[in-house]
$ cat input.pdb   # PDB, C-alpha atoms, pLDDT in the B column
ATOM      1  CA  MET A 228       1.639  13.574  12.545  1.00 54.00           C
ATOM      2  CA  ASN A 229       2.363  10.370  14.465  1.00 62.00           C
ATOM      3  CA  LYS A 230       0.036  11.552  17.257  1.00 58.00           C
ATOM      4  CA  ARG A 231      -2.737  12.199  14.747  1.00 63.00           C
ATOM      5  CA  LEU A 232      -2.366   8.729  13.268  1.00 62.00           C
ATOM      6  CA  ALA A 233      -2.360   7.162  16.727  1.00 61.00           C
ATOM      7  CA  LEU A 234      -5.568   8.984  17.679  1.00 57.00           C
ATOM      8  CA  LEU A 235      -7.193   8.085  14.377  1.00 63.00           C
ATOM      9  CA  SER A 236      -6.276   4.430  14.892  1.00 65.00           C
ATOM     10  CA  LEU A 237      -7.647   4.491  18.450  1.00 55.00           C
ATOM     11  CA  PHE A 238     -10.992   5.938  17.400  1.00 59.00           C
ATOM     12  CA  LEU A 239     -11.157   3.498  14.496  1.00 61.00           C
ATOM     13  CA  VAL A 240     -10.614   0.505  16.774  1.00 57.00           C
ATOM     14  CA  MET A 241     -13.185   1.801  19.266  1.00 51.00           C
ATOM     15  CA  GLY A 242     -15.712   2.265  16.499  1.00 57.00           C
ATOM     16  CA  ILE A 243     -15.134  -1.183  15.068  1.00 53.00           C
ATOM     17  CA  THR A 244     -15.413  -2.997  18.383  1.00 51.00           C
ATOM     18  CA  SER A 245     -18.704  -1.229  19.120  1.00 49.00           C
ATOM     19  CA  LEU A 246     -20.299  -2.557  15.942  1.00 51.00           C
ATOM     20  CA  MET A 247     -20.872  -6.096  17.278  1.00 53.00           C
ATOM     21  CA  ALA A 248     -19.799  -7.728  14.013  1.00 51.00           C
ATOM     22  CA  GLN A 249     -21.252 -11.171  13.499  1.00 67.00           C
ATOM     23  CA  ARG A 250     -18.217 -13.180  12.472  1.00 76.00           C
ATOM     24  CA  LEU A 251     -14.504 -13.165  11.769  1.00 79.00           C
ATOM     25  CA  GLY A 252     -13.395 -13.646   8.179  1.00 82.00           C
ATOM     26  CA  GLY A 253     -10.563 -12.903   5.819  1.00 82.00           C
ATOM     27  CA  GLY A 254      -8.508 -14.268   2.985  1.00 89.00           C
ATOM     28  CA  LEU A 255      -5.397 -14.020   0.856  1.00 93.00           C
ATOM     29  CA  MET A 256      -4.495 -11.085  -1.396  1.00 95.00           C
ATOM     30  CA  LEU A 257      -2.373 -11.092  -4.547  1.00 96.00           C
ATOM     31  CA  GLY A 258      -1.984  -8.790  -7.509  1.00 97.00           C
ATOM     32  CA  PRO A 259       0.042  -6.172  -9.370  1.00 98.00           C
ATOM     33  CA  ALA A 260       1.184  -2.949  -7.709  1.00 97.00           C
ATOM     34  CA  PHE A 261       1.916   0.306  -9.531  1.00 97.00           C
ATOM     35  CA  SER A 262       4.091   2.557  -7.413  1.00 96.00           C
ATOM     36  CA  THR A 263       5.924   5.832  -7.637  1.00 95.00           C
ATOM     37  CA  MET A 264       7.466   8.453  -5.361  1.00 93.00           C
ATOM     38  CA  LYS A 265       6.696  12.127  -5.185  1.00 91.00           C
ATOM     39  CA  ILE A 266       9.999  13.941  -4.662  1.00 87.00           C
ATOM     40  CA  SER A 267      10.191  17.681  -4.044  1.00 85.00           C
ATOM     41  CA  GLY A 268      11.822  19.463  -6.965  1.00 76.00           C
ATOM     42  CA  ASN A 269      11.637  16.376  -9.210  1.00 75.00           C
ATOM     43  CA  ASP A 270       8.772  16.061 -11.689  1.00 75.00           C
ATOM     44  CA  SER A 271      10.300  13.230 -13.731  1.00 76.00           C
ATOM     45  CA  THR A 272       9.384  10.226 -11.544  1.00 87.00           C
ATOM     46  CA  SER A 273       6.868   7.750 -12.955  1.00 89.00           C
ATOM     47  CA  PHE A 274       5.174   4.498 -11.979  1.00 93.00           C
ATOM     48  CA  ARG A 275       6.883   1.118 -12.016  1.00 93.00           C
ATOM     49  CA  THR A 276       5.051  -2.215 -11.975  1.00 94.00           C
ATOM     50  CA  ASP A 277       5.637  -4.987  -9.444  1.00 95.00           C
ATOM     51  CA  PHE A 278       3.405  -7.033  -7.136  1.00 95.00           C
ATOM     52  CA  THR A 279       1.859  -7.167  -3.695  1.00 97.00           C
ATOM     53  CA  ALA A 280       0.624 -10.095  -1.592  1.00 97.00           C
ATOM     54  CA  GLY A 281      -0.740 -10.588   1.892  1.00 96.00           C
ATOM     55  CA  VAL A 282      -3.516 -11.669   4.207  1.00 96.00           C
ATOM     56  CA  ARG A 283      -6.583  -9.875   5.496  1.00 93.00           C
ATOM     57  CA  ILE A 284      -8.558 -10.483   8.675  1.00 91.00           C
ATOM     58  CA  ALA A 285     -11.960  -8.818   8.896  1.00 87.00           C
ATOM     59  CA  LEU A 286     -14.873  -8.314  11.270  1.00 82.00           C
ATOM     60  CA  ILE A 287     -17.776  -8.961   8.915  1.00 80.00           C
ATOM     61  CA  PRO A 288     -21.231  -7.663   9.945  1.00 78.00           C
ATOM     62  CA  LYS A 289     -24.508  -9.246   8.900  1.00 74.00           C
ATOM     63  CA  HIS A 290     -26.881  -6.694  10.415  1.00 76.00           C
ATOM     64  CA  PHE A 291     -24.833  -3.529   9.920  1.00 79.00           C
ATOM     65  CA  VAL A 292     -23.171  -1.780   6.993  1.00 85.00           C
ATOM     66  CA  ILE A 293     -19.873  -1.069   8.772  1.00 86.00           C
ATOM     67  CA  GLY A 294     -17.123  -3.531   9.682  1.00 85.00           C
ATOM     68  CA  GLY A 295     -13.371  -3.523  10.171  1.00 87.00           C
ATOM     69  CA  GLU A 296     -10.242  -5.108   8.782  1.00 91.00           C
ATOM     70  CA  VAL A 297      -6.518  -5.394   9.396  1.00 93.00           C
ATOM     71  CA  ASP A 298      -4.131  -6.513   6.647  1.00 96.00           C
ATOM     72  CA  VAL A 299      -0.536  -7.674   6.608  1.00 97.00           C
ATOM     73  CA  ILE A 300       0.891  -7.058   3.136  1.00 97.00           C
ATOM     74  CA  TYR A 301       4.233  -7.556   1.440  1.00 97.00           C
ATOM     75  CA  SER A 302       4.586  -4.763  -1.107  1.00 97.00           C
ATOM     76  CA  ARG A 303       7.281  -4.239  -3.742  1.00 95.00           C
ATOM     77  CA  GLN A 304       7.352  -0.512  -4.442  1.00 95.00           C
ATOM     78  CA  GLY A 305       9.590   2.217  -5.833  1.00 92.00           C
ATOM     79  CA  MET A 306       9.687   4.452  -8.896  1.00 91.00           C
ATOM     80  CA  ARG A 307      11.484   4.998 -12.170  1.00 88.00           C
ATOM     81  CA  THR A 308      12.487   7.914 -14.344  1.00 83.00           C
ATOM     82  CA  PRO A 309      11.848   8.292 -18.079  1.00 80.00           C
ATOM     83  CA  LYS A 310      14.665   7.448 -20.466  1.00 73.00           C
ATOM     84  CA  GLY A 311      17.158  10.219 -21.031  1.00 71.00           C
ATOM     85  CA  LEU A 312      20.671  10.740 -22.338  1.00 65.00           C
ATOM     86  CA  ASP A 313      23.847  10.926 -20.280  1.00 65.00           C
ATOM     87  CA  ALA A 314      26.887  13.100 -21.046  1.00 67.00           C
ATOM     88  CA  ASP A 315      28.124  10.530 -23.565  1.00 69.00           C
ATOM     89  CA  GLY A 316      24.820  10.315 -25.431  1.00 69.00           C
ATOM     90  CA  ASN A 317      23.883   6.913 -23.987  1.00 75.00           C
ATOM     91  CA  THR A 318      20.271   6.091 -23.126  1.00 76.00           C
ATOM     92  CA  ILE A 319      19.933   6.055 -19.329  1.00 77.00           C
ATOM     93  CA  ARG A 320      17.169   5.377 -16.835  1.00 80.00           C
ATOM     94  CA  TYR A 321      17.105   5.194 -13.033  1.00 83.00           C
ATOM     95  CA  LEU A 322      14.940   2.862 -10.995  1.00 86.00           C
ATOM     96  CA  CYS A 323      14.391   2.639  -7.255  1.00 89.00           C
ATOM     97  CA  LYS A 324      13.016  -0.606  -5.806  1.00 90.00           C
ATOM     98  CA  SER A 325      11.859  -0.918  -2.204  1.00 93.00           C
ATOM     99  CA  HIS A 326      10.333  -3.699  -0.120  1.00 94.00           C
ATOM    100  CA  TYR A 327       7.769  -3.075   2.622  1.00 97.00           C
ATOM    101  CA  ILE A 328       5.639  -4.950   5.100  1.00 97.00           C
ATOM    102  CA  ASN A 329       2.522  -2.782   5.320  1.00 98.00           C
ATOM    103  CA  VAL A 330      -0.174  -3.048   7.995  1.00 97.00           C
ATOM    104  CA  PRO A 331      -3.332  -1.025   7.224  1.00 96.00           C
ATOM    105  CA  LEU A 332      -6.174  -0.759   9.748  1.00 94.00           C
ATOM    106  CA  LEU A 333      -9.322  -0.209   7.715  1.00 93.00           C
ATOM    107  CA  LEU A 334     -12.930   0.719   8.265  1.00 91.00           C
ATOM    108  CA  ASN A 335     -15.143  -1.262   5.853  1.00 90.00           C
ATOM    109  CA  ILE A 336     -18.289   0.455   4.626  1.00 91.00           C
ATOM    110  CA  TYR A 337     -20.734  -1.900   2.873  1.00 90.00           C
ATOM    111  CA  PHE A 338     -23.049  -0.392   0.263  1.00 90.00           C
ATOM    112  CA  ARG A 339     -25.966  -2.563   1.447  1.00 87.00           C
ATOM    113  CA  LYS A 340     -26.896  -4.962   4.215  1.00 82.00           C
ATOM    114  CA  TRP A 341     -26.683  -8.711   3.778  1.00 75.00           C
ATOM    115  CA  ASN A 342     -29.505 -10.571   2.041  1.00 76.00           C
ATOM    116  CA  GLU A 343     -30.620 -14.021   3.099  1.00 73.00           C
ATOM    117  CA  ASP A 344     -29.072 -15.562  -0.027  1.00 75.00           C
ATOM    118  CA  ASP A 345     -25.623 -13.937   0.497  1.00 73.00           C
ATOM    119  CA  GLU A 346     -23.053 -16.669   1.163  1.00 72.00           C
ATOM    120  CA  ASP A 347     -20.211 -14.220   1.791  1.00 72.00           C
ATOM    121  CA  GLU A 348     -19.340 -10.554   1.346  1.00 76.00           C
ATOM    122  CA  SER A 349     -18.074 -10.884  -2.228  1.00 79.00           C
ATOM    123  CA  MET A 350     -21.278  -9.646  -3.916  1.00 83.00           C
ATOM    124  CA  ILE A 351     -21.594  -6.583  -1.667  1.00 87.00           C
ATOM    125  CA  PRO A 352     -19.670  -3.510  -2.915  1.00 92.00           C
ATOM    126  CA  ARG A 353     -17.363  -2.253  -0.165  1.00 92.00           C
ATOM    127  CA  LEU A 354     -15.364   0.889   0.518  1.00 95.00           C
ATOM    128  CA  ARG A 355     -12.335   0.545   2.807  1.00 93.00           C
ATOM    129  CA  ILE A 356     -10.478   3.471   4.346  1.00 95.00           C
ATOM    130  CA  GLY A 357      -7.997   3.975   7.184  1.00 94.00           C
ATOM    131  CA  PRO A 358      -4.394   4.568   8.279  1.00 95.00           C
ATOM    132  CA  GLN A 359      -1.442   2.382   7.327  1.00 97.00           C
ATOM    133  CA  ILE A 360       1.981   1.851   8.822  1.00 96.00           C
ATOM    134  CA  GLY A 361       4.800   0.324   6.780  1.00 96.00           C
ATOM    135  CA  PHE A 362       8.143  -1.216   7.639  1.00 95.00           C
ATOM    136  CA  CYS A 363      10.909  -0.995   5.023  1.00 94.00           C
ATOM    137  CA  ILE A 364      12.894  -4.232   4.825  1.00 92.00           C
ATOM    138  CA  GLY A 365      15.281  -3.291   2.032  1.00 89.00           C
ATOM    139  CA  GLY A 366      15.648  -2.039  -1.491  1.00 87.00           C
ATOM    140  CA  ASN A 367      18.037  -1.212  -4.290  1.00 85.00           C
ATOM    141  CA  ASN A 368      18.809   1.475  -6.841  1.00 82.00           C
ATOM    142  CA  VAL A 369      19.211   0.440 -10.482  1.00 81.00           C
ATOM    143  CA  THR A 370      21.029   2.393 -13.181  1.00 78.00           C
ATOM    144  CA  ASP A 371      20.101   1.213 -16.687  1.00 76.00           C
ATOM    145  CA  VAL A 372      22.529   2.406 -19.379  1.00 71.00           C
ATOM    146  CA  GLN A 373      21.878   1.129 -22.897  1.00 67.00           C
ATOM    147  CA  GLY A 374      20.072  -1.896 -21.445  1.00 71.00           C
ATOM    148  CA  LYS A 375      22.922  -2.772 -19.062  1.00 74.00           C
ATOM    149  CA  LYS A 376      21.774  -2.629 -15.449  1.00 77.00           C
ATOM    150  CA  LYS A 377      23.908  -1.899 -12.412  1.00 77.00           C
ATOM    151  CA  GLN A 378      22.329  -2.468  -8.987  1.00 76.00           C
ATOM    152  CA  GLN A 379      23.218  -0.936  -5.635  1.00 75.00           C
ATOM    153  CA  TYR A 380      21.577  -2.784  -2.733  1.00 76.00           C
ATOM    154  CA  ILE A 381      20.415  -0.670   0.185  1.00 75.00           C
ATOM    155  CA  ILE A 382      19.403  -1.702   3.698  1.00 73.00           C
ATOM    156  CA  PRO A 383      17.257   0.555   5.900  1.00 70.00           C
ATOM    157  CA  TRP A 384      19.737   0.821   8.774  1.00 68.00           C
ATOM    158  CA  GLU A 385      22.519   2.278   6.597  1.00 74.00           C
ATOM    159  CA  LYS A 386      23.246   6.008   6.635  1.00 74.00           C
ATOM    160  CA  GLY A 387      21.579   7.870   3.795  1.00 70.00           C
ATOM    161  CA  SER A 388      19.228   4.960   3.081  1.00 84.00           C
ATOM    162  CA  PHE A 389      15.477   4.405   3.392  1.00 87.00           C
ATOM    163  CA  ASN A 390      13.664   5.319   6.582  1.00 91.00           C
ATOM    164  CA  ARG A 391      12.567   2.159   8.343  1.00 92.00           C
ATOM    165  CA  ILE A 392       9.036   3.408   9.083  1.00 94.00           C
ATOM    166  CA  ASP A 393       6.505   4.646   6.546  1.00 96.00           C
ATOM    167  CA  TYR A 394       2.917   5.730   7.198  1.00 96.00           C
ATOM    168  CA  GLY A 395      -0.011   7.120   5.282  1.00 96.00           C
ATOM    169  CA  LEU A 396      -3.670   6.718   4.380  1.00 96.00           C
ATOM    170  CA  THR A 397      -5.269   3.923   2.385  1.00 96.00           C
ATOM    171  CA  ALA A 398      -8.546   3.844   0.463  1.00 97.00           C
ATOM    172  CA  ALA A 399      -9.944   0.929  -1.529  1.00 96.00           C
ATOM    173  CA  PHE A 400     -13.035  -0.219  -3.409  1.00 96.00           C
ATOM    174  CA  SER A 401     -13.897  -3.917  -3.485  1.00 92.00           C
ATOM    175  CA  TYR A 402     -16.469  -5.901  -5.427  1.00 90.00           C
ATOM    176  CA  TRP A 403     -16.656  -9.621  -6.059  1.00 87.00           C
ATOM    177  CA  PHE A 404     -13.094 -10.893  -5.458  1.00 89.00           C
ATOM    178  CA  VAL A 405     -11.345  -7.829  -6.928  1.00 94.00           C
ATOM    179  CA  GLU A 406     -10.085  -4.776  -5.056  1.00 95.00           C
ATOM    180  CA  VAL A 407      -8.531  -1.526  -6.298  1.00 97.00           C
ATOM    181  CA  ARG A 408      -6.503   0.179  -3.563  1.00 97.00           C
ATOM    182  CA  TYR A 409      -4.606   3.475  -3.329  1.00 98.00           C
ATOM    183  CA  THR A 410      -2.121   4.327  -0.593  1.00 97.00           C
ATOM    184  CA  PHE A 411      -1.036   7.922  -0.067  1.00 96.00           C
ATOM    185  CA  GLY A 412       2.300   8.046   1.742  1.00 95.00           C
ATOM    186  CA  MET A 413       2.890  10.817   4.269  1.00 95.00           C
ATOM    187  CA  ALA A 414       6.362   9.990   5.639  1.00 94.00           C
ATOM    188  CA  ASN A 415       9.753  10.647   4.057  1.00 93.00           C
ATOM    189  CA  VAL A 416      10.980   7.592   2.145  1.00 92.00           C
ATOM    190  CA  PHE A 417      14.640   8.588   2.371  1.00 88.00           C
ATOM    191  CA  LYS A 418      16.599   9.652   5.443  1.00 86.00           C
ATOM    192  CA  GLU A 419      18.319  12.438   3.540  1.00 83.00           C
ATOM    193  CA  GLY A 420      17.525  14.783   0.673  1.00 79.00           C
ATOM    194  CA  GLU A 421      14.296  16.318  -0.531  1.00 82.00           C
ATOM    195  CA  LYS A 422      10.819  15.414   0.719  1.00 89.00           C
ATOM    196  CA  SER A 423       9.899  12.018  -0.733  1.00 91.00           C
ATOM    197  CA  THR A 424       6.674  10.033  -0.290  1.00 95.00           C
ATOM    198  CA  ASN A 425       5.346   6.692  -1.538  1.00 96.00           C
ATOM    199  CA  HIS A 426       2.231   6.423  -3.693  1.00 96.00           C
ATOM    200  CA  VAL A 427       0.921   2.973  -4.564  1.00 97.00           C
ATOM    201  CA  ILE A 428      -2.025   1.682  -6.595  1.00 97.00           C
ATOM    202  CA  SER A 429      -2.755  -2.054  -6.417  1.00 97.00           C
ATOM    203  CA  VAL A 430      -5.304  -4.321  -8.082  1.00 97.00           C
ATOM    204  CA  THR A 431      -5.651  -7.522  -6.079  1.00 96.00           C
ATOM    205  CA  TRP A 432      -7.613 -10.735  -6.139  1.00 94.00           C
ATOM    206  CA  SER A 433      -8.748 -11.858  -2.720  1.00 85.00           C
ATOM    207  CA  ASP A 434     -10.466 -15.075  -1.685  1.00 75.00           C
ATOM    208  CA  ILE A 435     -12.874 -14.855   1.228  1.00 70.00           C
ATOM    209  CA  TRP A 436     -13.476 -17.320   4.047  1.00 68.00           C
TER     210      TRP A 436
END

$ encode --input "input.pdb" --output "structure tokens"
Amino acid sequence: MNKRLALLSLFLVMGITSLMAQRLGGGLMLGPAFSTMKISGNDSTSFRTDFTAGVRIALIPKHFVIGGEVDVIYSRQGMRTPKGLDADGNTIRYLCKSHYINVPLLLNIYFRKWNEDDEDESMIPRLRIGPQIGFCIGGNNVTDVQGKKKQQYIIPWEKGSFNRIDYGLTAAFSYWFVEVRYTFGMANVFKEGEKSTNHVISVTWSDIW
């Protein structure tokens, strides 16, 4: 799988550099993130809400409909379980919180070419797609019993913790200054246990320069 991602990234970079984009642009990104984990044998995980923020640097074409972009994003992810009852009849819920620095390399497909009155790319609908690599920088498990929370902090280099490296595929649709993005994780989140993958939906505002 790592070889496939490396080849995909190589072809993506080669394609982007051959497009002769007209200028370099980018901006800041900020918005809510809705994340969960798919865990083999566990159908009870659900989305939790947090936030994501980062910067984007793009090759923006004026005479083509294809460009490229690389992002550096801080993403607060994880999952939660629905409320249940423990052996003593208390209401209980588990939460997992994780922190990542994600770096997607994206191909930008513009739905039309630039017009003479376009000041920037904000009014051109855009589809973004490409591979992403993530670096886990920490996290914690939370046990919520009757509203009382107990946290266990976890660092990626500990045994039985998160894997340091995550990877997957990202797809997004952007229009005006708003972007909806979905990331499909393909690597195991945890070092041990059942197969576990990240899935994240974000809705971000991004300025453009």

$ residues_around --input "input.pdb" --residues "Ile293 (chain A)" --least-positions-apart "3" --cutoff "7 Å" --atoms "only C-alpha atoms" --output "PyMOL selection string"
chain A and resi 288+335-337

$ write_last_selection --input "input.pdb" --atoms "C-alpha atoms" --output "PDB file, in the frame of the given file"
ATOM      1  CA  PRO A 288     -21.231  -7.663   9.945  1.00 78.00           C
ATOM      2  CA  ASN A 335     -15.143  -1.262   5.853  1.00 90.00           C
ATOM      3  CA  ILE A 336     -18.289   0.455   4.626  1.00 91.00           C
ATOM      4  CA  TYR A 337     -20.734  -1.900   2.873  1.00 90.00           C
TER       5      TYR A 337
END

$ closest_residue --input "input.pdb" --among "A:Leu251, A:Leu354, A:Met413, A:Ala260" --to "Trp432 (chain A)" --atoms "all atoms listed in the file"
A:Ala260

$ residues_around --input "input.pdb" --residues "Arg303 (chain A)" --least-positions-apart "4" --cutoff "7 Å" --atoms "all atoms listed in the file" --output "list of chain:residue names"
A:Asp277, A:Phe278, A:Thr279, A:Ser325, A:His326, A:Tyr327

$ residues_around --input "input.pdb" --residues "Gln379 (chain A)" --least-positions-apart "4" --cutoff "10 Å" --atoms "all atoms listed in the file" --output "ChimeraX atom specification"
/A:323,366-370

$ closest_residue --input "input.pdb" --among "A:Lys375, A:Lys422, A:Arg250, A:Arg391" --to "Thr318 (chain A)" --atoms "all atoms listed in the file"
A:Lys375

$ closest_residue --input "input.pdb" --among "A:Thr308, A:Trp403, A:Gly258, A:Lys376" --to "Asp345 (chain A)" --atoms "all atoms listed in the file"
A:Trp403

$ resolve_selection --input "input.pdb" --expression "the PyMOL selection byres ((chain A and resi 430) around 8)" --output "ChimeraX atom specification"
/A:258-260,405-408,428-429,431-432

$ closest_residue --input "input.pdb" --among "A:Leu322, A:Val372, A:Met350, A:Leu257" --to "Ser273 (chain A)" --atoms "only C-alpha atoms"
A:Leu322

$ atom_distance --input "input.pdb" --atom1 "CA of Arg307 (chain A)" --atom2 "CA of Glu421 (chain A)"
16.5 Å

$ residues_around --input "input.pdb" --residues "Phe389 (chain A)" --least-positions-apart "6" --cutoff "10 Å" --atoms "all atoms listed in the file" --output "PyMOL selection string"
chain A and resi 325+363-367+381-383+415-419

$ decode --input "input.pdb" --residues "region 255-278 of chain A" --atoms "N, CA and C atoms" --output "PDB file, in the first residue's frame"
ATOM      1  N   LEU A 255      -5.386  30.399   4.387  1.00  0.00           N
ATOM      2  CA  LEU A 255      -5.595  29.735   5.664  1.00  0.00           C
ATOM      3  C   LEU A 255      -6.887  28.931   5.623  1.00  0.00           C
ATOM      4  N   MET A 256      -6.961  27.894   6.454  1.00  0.00           N
ATOM      5  CA  MET A 256      -8.140  27.039   6.529  1.00  0.00           C
ATOM      6  C   MET A 256      -8.550  26.878   7.984  1.00  0.00           C
ATOM      7  N   LEU A 257      -9.850  26.932   8.244  1.00  0.00           N
ATOM      8  CA  LEU A 257     -10.351  26.780   9.608  1.00  0.00           C
ATOM      9  C   LEU A 257     -11.802  26.358   9.564  1.00  0.00           C
ATOM     10  N   GLY A 258     -12.153  25.369  10.405  1.00  0.00           N
ATOM     11  CA  GLY A 258     -13.539  24.955  10.460  1.00  0.00           C
ATOM     12  C   GLY A 258     -13.743  23.719  11.314  1.00  0.00           C
ATOM     13  N   PRO A 259     -14.993  23.297  11.457  1.00  0.00           N
ATOM     14  CA  PRO A 259     -15.293  22.105  12.256  1.00  0.00           C
ATOM     15  C   PRO A 259     -14.922  20.826  11.526  1.00  0.00           C
ATOM     16  N   ALA A 260     -14.578  19.806  12.300  1.00  0.00           N
ATOM     17  CA  ALA A 260     -14.270  18.477  11.764  1.00  0.00           C
ATOM     18  C   ALA A 260     -15.155  17.463  12.472  1.00  0.00           C
ATOM     19  N   PHE A 261     -15.701  16.542  11.711  1.00  0.00           N
ATOM     20  CA  PHE A 261     -16.561  15.480  12.229  1.00  0.00           C
ATOM     21  C   PHE A 261     -15.863  14.168  11.910  1.00  0.00           C
ATOM     22  N   SER A 262     -15.397  13.495  12.947  1.00  0.00           N
ATOM     23  CA  SER A 262     -14.543  12.327  12.739  1.00  0.00           C
ATOM     24  C   SER A 262     -15.077  11.105  13.476  1.00  0.00           C
ATOM     25  N   THR A 263     -14.732   9.950  12.910  1.00  0.00           N
ATOM     26  CA  THR A 263     -15.037   8.692  13.564  1.00  0.00           C
ATOM     27  C   THR A 263     -13.972   7.677  13.164  1.00  0.00           C
ATOM     28  N   MET A 264     -14.053   6.494  13.723  1.00  0.00           N
ATOM     29  CA  MET A 264     -13.168   5.392  13.354  1.00  0.00           C
ATOM     30  C   MET A 264     -14.015   4.186  13.000  1.00  0.00           C
ATOM     31  N   LYS A 265     -13.604   3.515  11.945  1.00  0.00           N
ATOM     32  CA  LYS A 265     -14.217   2.229  11.617  1.00  0.00           C
ATOM     33  C   LYS A 265     -13.342   1.138  12.224  1.00  0.00           C
ATOM     34  N   ILE A 266     -13.921   0.366  13.140  1.00  0.00           N
ATOM     35  CA  ILE A 266     -13.184  -0.673  13.850  1.00  0.00           C
ATOM     36  C   ILE A 266     -13.831  -2.019  13.561  1.00  0.00           C
ATOM     37  N   SER A 267     -13.029  -2.968  13.105  1.00  0.00           N
ATOM     38  CA  SER A 267     -13.546  -4.296  12.777  1.00  0.00           C
ATOM     39  C   SER A 267     -14.237  -4.914  13.990  1.00  0.00           C
ATOM     40  N   GLY A 268     -15.435  -5.428  13.778  1.00  0.00           N
ATOM     41  CA  GLY A 268     -16.172  -6.076  14.852  1.00  0.00           C
ATOM     42  C   GLY A 268     -16.871  -5.121  15.803  1.00  0.00           C
ATOM     43  N   ASN A 269     -16.835  -3.814  15.500  1.00  0.00           N
ATOM     44  CA  ASN A 269     -17.464  -2.818  16.375  1.00  0.00           C
ATOM     45  C   ASN A 269     -18.314  -1.883  15.521  1.00  0.00           C
ATOM     46  N   ASP A 270     -19.627  -1.994  15.652  1.00  0.00           N
ATOM     47  CA  ASP A 270     -20.540  -1.166  14.871  1.00  0.00           C
ATOM     48  C   ASP A 270     -21.111  -0.007  15.674  1.00  0.00           C
ATOM     49  N   SER A 271     -20.579   0.241  16.870  1.00  0.00           N
ATOM     50  CA  SER A 271     -21.179   1.231  17.762  1.00  0.00           C
ATOM     51  C   SER A 271     -20.446   2.573  17.749  1.00  0.00           C
ATOM     52  N   THR A 272     -19.384   2.732  16.953  1.00  0.00           N
ATOM     53  CA  THR A 272     -18.677   4.006  16.929  1.00  0.00           C
ATOM     54  C   THR A 272     -19.485   5.041  16.154  1.00  0.00           C
ATOM     55  N   SER A 273     -19.388   6.298  16.578  1.00  0.00           N
ATOM     56  CA  SER A 273     -20.100   7.380  15.908  1.00  0.00           C
ATOM     57  C   SER A 273     -19.202   8.607  15.828  1.00  0.00           C
ATOM     58  N   PHE A 274     -19.680   9.633  15.143  1.00  0.00           N
ATOM     59  CA  PHE A 274     -18.882  10.834  14.913  1.00  0.00           C
ATOM     60  C   PHE A 274     -18.813  11.707  16.162  1.00  0.00           C
ATOM     61  N   ARG A 275     -17.651  12.331  16.357  1.00  0.00           N
ATOM     62  CA  ARG A 275     -17.490  13.378  17.350  1.00  0.00           C
ATOM     63  C   ARG A 275     -17.083  14.651  16.628  1.00  0.00           C
ATOM     64  N   THR A 276     -17.394  15.793  17.233  1.00  0.00           N
ATOM     65  CA  THR A 276     -17.147  17.094  16.612  1.00  0.00           C
ATOM     66  C   THR A 276     -15.964  17.787  17.253  1.00  0.00           C
ATOM     67  N   ASP A 277     -15.068  18.305  16.432  1.00  0.00           N
ATOM     68  CA  ASP A 277     -13.923  19.082  16.913  1.00  0.00           C
ATOM     69  C   ASP A 277     -13.582  20.120  15.852  1.00  0.00           C
ATOM     70  N   PHE A 278     -12.303  20.406  15.622  1.00  0.00           N
ATOM     71  CA  PHE A 278     -11.977  21.406  14.611  1.00  0.00           C
ATOM     72  C   PHE A 278     -10.698  21.033  13.876  1.00  0.00           C
TER      73      PHE A 278
END
